[in-house]
Amino acid sequence: SGGISYGALGMTHHSCQDIAAFCSLPGMRVYLPSDRFLTGKLIEALLKDDKPAYVRVSRSATGDVYGENLDFELDKANIISRGRDVALIACGEMVPEALGAAKRLEAAGISAGVVDMYCLKPLDEQAILEVSQQVGLVVTVEEHSPYGGLGSMVAQVLSAHCPKKVLNIALPDGHLIAGTNREVFREYGLDADGIAEKIKAVL
């Protein structure tokens, strides 16, 4: 487990630097699946080899993003939808929130697509480039420190191959409040409403 799923126990039980820490380990694969179906497919795939992997899952129950017939390929991000204005690239528990934000943006006349970047290492760079080329803004959404996580990785890929404006929506660099996942997400604008409002403010 990781992220803020232990947040009700206090700030010492937040684990919001794990992407940066584990991605820095040579040979370590890093995954943040978004729901039970993706988690099941991922674990089945990882059991077929003996390479090390870090998998972050929430301690709390999460809603379904996929179904039993999920089309899964290891180390390939899931492009759930495509947008003309904004590309939201999210991981873990932030994927359902990004989907909710995309619906709110669509209602406001902003076309937003969503990518489930469950594979942080190896990162699916091709998917990043594919969804970013036609939009004006790329948004990363992660339950992690703003340093060394998904936002940093996406910005690095885009700066090298497809320069774009990147908005990194993440947890603050500091001690977090104690609370349930929902309470912490709402406090820091990581719920669907907060994500949509931050994107509108930039646009």
# chains A, B, ... in the order shown; residues from 1 in each chain; ligands from 1
>>> closest_atom_pairs(of="range 144-182 of chain A", to="range 130-138 of chain A", cutoff="8 Å", atoms="only C-alpha atoms", output="CSV")
residue,atom,partner,partner_atom,distance
A:Cys162,CA,A:Gln133,CA,6.9
A:Lys164,CA,A:Leu137,CA,6.6
A:Lys165,CA,A:Leu137,CA,5.4
A:Val166,CA,A:Val138,CA,4.8
A:Leu167,CA,A:Val138,CA,6.3
>>> residues_around(residues="Tyr54 in chain A", least_positions_apart="3", cutoff="8 Å", atoms="only C-alpha atoms", output="MDAnalysis selection string")
chainID A and resid 22 28:31
>>> residues_around(residues="range 139-143 of chain A", least_positions_apart="3", cutoff="9 Å", atoms="only C-alpha atoms", output="VMD selection string")
chain A and resid 3 to 4 16 86 to 95 97 to 98 146 149 to 151 154 165 to 171 185 190 195 199
>>> residues_around(residues="Ser81 in chain A", least_positions_apart="2", cutoff="8 Å", atoms="only C-alpha atoms", output="ChimeraX atom specification")
/A:79,83,112-115
>>> closest_atom_pairs(of="range 108-140 of chain A", to="range 38-48 of chain A", cutoff="12 Å", atoms="only C-alpha atoms", output="JSON lines")
{"residue": "A:Asp116", "atom": "CA", "partner": "A:Leu38", "partner_atom": "CA", "distance": 10.2}
{"residue": "A:Met117", "atom": "CA", "partner": "A:Leu38", "partner_atom": "CA", "distance": 11.5}
{"residue": "A:Tyr118", "atom": "CA", "partner": "A:Leu38", "partner_atom": "CA", "distance": 8.8}
{"residue": "A:Cys119", "atom": "CA", "partner": "A:Leu42", "partner_atom": "CA", "distance": 9.8}
>>> write_last_selection(atoms="N, CA, C and O atoms", output="CSV table (one decimal), in the first residue's frame")
chain,number,residue,atom,x,y,z
A,116,ASP,N,-4.7,6.3,-18.4
A,116,ASP,CA,-4.3,5.6,-17.2
A,116,ASP,C,-2.9,5.2,-17.3
A,116,ASP,O,-2.6,4.1,-17.9
A,117,MET,N,-2.0,5.9,-16.8
A,117,MET,CA,-0.5,5.6,-16.8
A,117,MET,C,-0.2,4.8,-15.6
A,117,MET,O,0.5,5.3,-14.7
A,118,TYR,N,-0.7,3.6,-15.5
A,118,TYR,CA,-0.4,2.7,-14.4
A,118,TYR,C,1.0,2.3,-14.3
A,118,TYR,O,1.5,1.9,-13.3
A,119,CYS,N,1.7,2.3,-15.5
A,119,CYS,CA,3.1,1.9,-15.5
A,119,CYS,C,4.0,3.1,-15.5
A,119,CYS,O,4.2,3.8,-16.5
>>> select_by_dssp(residues="chain A", states="alpha helix (DSSP H)", output="ChimeraX atom specification")
/A:18-23,36-46,94-107,125-132,150-161,181-187,192-202
>>> atom_distance(atom1="CA of Ala21 in chain A", atom2="CA of Phe37 in chain A")
26.1 Å
